[in-house]
Amino acid sequence: MRLIYPLRQMPLVRLLVPLFLLLVSAACVWGETASDFEVTLFDGGDQFRLSEQVEETALVVNFWYPSCPPCREEMPAFEEAWQEFEGQGVRFLGLFVPQGFDTEEDARAFVSDLGLTFDFATDTGAEISRAYELKYFPTTYFIDKGGKIFSVEIANLDTATITRIVSDMIDG
């Protein structure tokens with residue numbers, strides 16, 4: 001007697017199909033122009049407009065929220081990478097996306113407690129994360145000086161990975 005399983009019930013397929021779909025969705029945005037947005041920065045209330053930045057600066061945009069464990073874990077790596085690239089034509093922006101009970105006050109306290117020195121702002125109403133079709137946290141967009149999406153990372157990143165991607169982006 002031969003057992004025939006529907007494709008969706010095959011163990012390997014059940015694991016590979018979601019991974020494939022995730023890779024395809026990330027590949028679909030690679031090389032596309034990043035959606036423009038404007039936010040008010042935490043420190044001093046200055047305005048940040050993506051389209052004004054990408055003329056002269058590459059960008060690392062990290063979507064996060066304070067009670068997200070992998071988001072909390074990776075922030076020191078972003079700070080370390082930011083310190084390495086500061087003044088080299090790269091700007092880091094942490095976009096707080098309100099989730100659950102997290103407030104902007106919580107996000108500001110988190111930034112202060114960790115001594116983070118790169119730029120932070122709030123994605124008010126989660127409008128930017130919707131425009132970027134964000135599905136998972138943390139997610140980081142690496143955007144080149146031309147405003148094209150160089151890489152999208154849906155993972156908890158370490159310093160070595162961040163610096164490698166930023167180096168490839170600014171050298172390429």
# chains A, B, ... in the order shown; residues from 1 in each chain; ligands from 1
$ residues_around --residues "segment 154-162 of chain A" --least-positions-apart "6" --cutoff "6 Å" --atoms "only C-alpha atoms" --output "PDB file with N, CA and C atoms, in the first residue's frame"
ATOM      1  N   PRO A  70      13.951  40.320  20.641  1.00  0.00           N
ATOM      2  CA  PRO A  70      15.071  40.402  19.702  1.00  0.00           C
ATOM      3  C   PRO A  70      15.437  41.853  19.351  1.00  0.00           C
ATOM      4  N   GLU A  74      19.301  43.316  19.871  1.00  0.00           N
ATOM      5  CA  GLU A  74      20.160  43.767  18.777  1.00  0.00           C
ATOM      6  C   GLU A  74      20.558  45.238  18.851  1.00  0.00           C
ATOM      7  N   ALA A  77      24.202  46.239  19.073  1.00  0.00           N
ATOM      8  CA  ALA A  77      24.933  45.975  17.825  1.00  0.00           C
ATOM      9  C   ALA A  77      24.750  47.140  16.844  1.00  0.00           C
ATOM     10  N   ALA A  81      27.754  49.472  15.401  1.00  0.00           N
ATOM     11  CA  ALA A  81      27.937  49.697  13.963  1.00  0.00           C
ATOM     12  C   ALA A  81      27.837  51.184  13.633  1.00  0.00           C
ATOM     13  N   THR A 139      12.828  44.267  11.789  1.00  0.00           N
ATOM     14  CA  THR A 139      13.124  44.282  10.363  1.00  0.00           C
ATOM     15  C   THR A 139      13.982  45.516  10.081  1.00  0.00           C
TER      16      THR A 139
END
$ select_by_dssp --residues "segment 20-151 of chain A" --states "alpha helix (DSSP H)" --output "ChimeraX atom specification"
/A:20-29,50-53,69-85,104-114,127-131
$ write_last_selection --atoms "N, CA and C atoms" --output "tab-separated table (two decimals), in the first residue's frame"
chain	number	residue	atom	x	y	z
A	20	PHE	N	10.61	29.95	1.55
A	20	PHE	CA	10.63	30.38	0.16
A	20	PHE	C	9.81	31.66	-0.03
A	21	LEU	N	8.61	31.69	0.55
A	21	LEU	CA	7.75	32.87	0.42
A	21	LEU	C	8.39	34.10	1.07
A	22	LEU	N	9.05	33.90	2.20
A	22	LEU	CA	9.74	35.00	2.86
A	22	LEU	C	10.88	35.53	2.00
A	23	LEU	N	11.65	34.63	1.42
A	23	LEU	CA	12.75	35.04	0.55
A	23	LEU	C	12.25	35.75	-0.71
A	24	VAL	N	11.19	35.25	-1.29
A	24	VAL	CA	10.63	35.88	-2.48
A	24	VAL	C	10.12	37.28	-2.16
A	25	SER	N	9.44	37.44	-1.02
A	25	SER	CA	8.93	38.76	-0.66
A	25	SER	C	10.07	39.73	-0.43
A	26	ALA	N	11.18	39.28	0.19
A	26	ALA	CA	12.33	40.16	0.39
A	26	ALA	C	13.00	40.47	-0.94
A	27	ALA	N	13.09	39.49	-1.83
A	27	ALA	CA	13.72	39.72	-3.13
A	27	ALA	C	12.92	40.68	-3.99
A	28	CYS	N	11.60	40.69	-3.80
A	28	CYS	CA	10.75	41.57	-4.60
A	28	CYS	C	11.01	43.04	-4.31
A	29	VAL	N	11.47	43.37	-3.10
A	29	VAL	CA	11.73	44.77	-2.78
A	29	VAL	C	13.17	45.17	-3.05
A	50	LEU	N	13.09	60.89	4.28
A	50	LEU	CA	13.94	59.92	3.60
A	50	LEU	C	14.46	60.46	2.27
A	51	SER	N	13.59	61.03	1.46
A	51	SER	CA	14.01	61.48	0.12
A	51	SER	C	15.08	62.57	0.18
A	52	GLU	N	15.12	63.34	1.26
A	52	GLU	CA	16.16	64.37	1.40
A	52	GLU	C	17.48	63.77	1.86
A	53	GLN	N	17.43	62.64	2.53
A	53	GLN	CA	18.63	62.01	3.05
A	53	GLN	C	19.38	61.20	2.00
A	69	PRO	N	11.74	41.23	22.45
A	69	PRO	CA	13.03	40.73	22.93
A	69	PRO	C	14.16	40.77	21.89
A	70	PRO	N	13.95	40.32	20.64
A	70	PRO	CA	15.07	40.40	19.70
A	70	PRO	C	15.44	41.85	19.35
A	71	CYS	N	14.44	42.75	19.38
A	71	CYS	CA	14.73	44.17	19.13
A	71	CYS	C	15.65	44.72	20.22
A	72	ARG	N	15.34	44.39	21.45
A	72	ARG	CA	16.14	44.84	22.59
A	72	ARG	C	17.56	44.27	22.50
A	73	GLU	N	17.63	43.00	22.12
A	73	GLU	CA	18.92	42.32	22.07
A	73	GLU	C	19.85	42.90	21.01
A	74	GLU	N	19.30	43.32	19.87
A	74	GLU	CA	20.16	43.77	18.78
A	74	GLU	C	20.56	45.24	18.85
A	75	MET	N	19.89	46.04	19.67
A	75	MET	CA	20.19	47.48	19.70
A	75	MET	C	21.65	47.82	20.01
A	76	PRO	N	22.31	47.15	20.95
A	76	PRO	CA	23.73	47.46	21.14
A	76	PRO	C	24.57	47.21	19.88
A	77	ALA	N	24.20	46.24	19.07
A	77	ALA	CA	24.93	45.97	17.83
A	77	ALA	C	24.75	47.14	16.84
A	78	PHE	N	23.54	47.69	16.78
A	78	PHE	CA	23.31	48.85	15.92
A	78	PHE	C	24.12	50.04	16.41
A	79	GLU	N	24.18	50.24	17.71
A	79	GLU	CA	24.97	51.34	18.26
A	79	GLU	C	26.44	51.18	17.91
A	80	GLU	N	26.95	49.96	18.08
A	80	GLU	CA	28.36	49.70	17.76
A	80	GLU	C	28.64	49.94	16.28
A	81	ALA	N	27.75	49.47	15.40
A	81	ALA	CA	27.94	49.70	13.96
A	81	ALA	C	27.84	51.18	13.63
A	82	TRP	N	26.89	51.87	14.25
A	82	TRP	CA	26.74	53.31	14.04
A	82	TRP	C	28.04	54.03	14.42
A	83	GLN	N	28.62	53.68	15.55
A	83	GLN	CA	29.87	54.32	15.98
A	83	GLN	C	30.98	54.08	14.95
A	84	GLU	N	30.98	52.91	14.35
A	84	GLU	CA	32.00	52.59	13.34
A	84	GLU	C	31.82	53.40	12.06
A	85	PHE	N	30.58	53.66	11.66
A	85	PHE	CA	30.32	54.33	10.37
A	85	PHE	C	29.99	55.82	10.49
A	104	GLU	N	5.45	55.87	23.18
A	104	GLU	CA	6.63	56.62	22.77
A	104	GLU	C	7.49	56.94	23.99
A	105	GLU	N	6.87	57.18	25.12
A	105	GLU	CA	7.62	57.41	26.36
A	105	GLU	C	8.48	56.19	26.69
A	106	ASP	N	7.93	54.98	26.54
A	106	ASP	CA	8.70	53.75	26.76
A	106	ASP	C	9.87	53.67	25.79
A	107	ALA	N	9.61	54.02	24.54
A	107	ALA	CA	10.66	53.96	23.51
A	107	ALA	C	11.77	54.96	23.83
A	108	ARG	N	11.40	56.17	24.23
A	108	ARG	CA	12.40	57.19	24.58
A	108	ARG	C	13.22	56.74	25.79
A	109	ALA	N	12.57	56.15	26.78
A	109	ALA	CA	13.28	55.65	27.96
A	109	ALA	C	14.25	54.54	27.58
A	110	PHE	N	13.81	53.65	26.69
A	110	PHE	CA	14.66	52.55	26.21
A	110	PHE	C	15.92	53.11	25.55
A	111	VAL	N	15.76	54.08	24.66
A	111	VAL	CA	16.90	54.70	23.96
A	111	VAL	C	17.85	55.34	24.96
A	112	SER	N	17.29	56.05	25.92
A	112	SER	CA	18.10	56.72	26.95
A	112	SER	C	18.82	55.71	27.84
A	113	ASP	N	18.11	54.69	28.30
A	113	ASP	CA	18.69	53.68	29.19
A	113	ASP	C	19.87	52.95	28.54
A	114	LEU	N	19.78	52.69	27.24
A	114	LEU	CA	20.87	52.00	26.54
A	114	LEU	C	21.95	52.94	26.03
A	127	GLU	N	2.04	53.97	9.99
A	127	GLU	CA	1.87	54.25	8.56
A	127	GLU	C	3.07	53.81	7.73
A	128	ILE	N	4.26	54.04	8.24
A	128	ILE	CA	5.47	53.69	7.49
A	128	ILE	C	5.61	52.18	7.42
A	129	SER	N	5.40	51.51	8.54
A	129	SER	CA	5.52	50.06	8.53
A	129	SER	C	4.49	49.42	7.61
A	130	ARG	N	3.32	50.02	7.48
A	130	ARG	CA	2.33	49.51	6.51
A	130	ARG	C	2.81	49.75	5.08
A	131	ALA	N	3.37	50.93	4.82
A	131	ALA	CA	3.88	51.23	3.48
A	131	ALA	C	5.01	50.28	3.09
$ atom_distance --atom1 "atom CA of Val97 of chain A" --atom2 "atom CA of Gly31 of chain A"
24.2 Å
$ atom_distance --atom1 "atom CA of Phe137 of chain A" --atom2 "atom CA of Gly94 of chain A"
12.2 Å
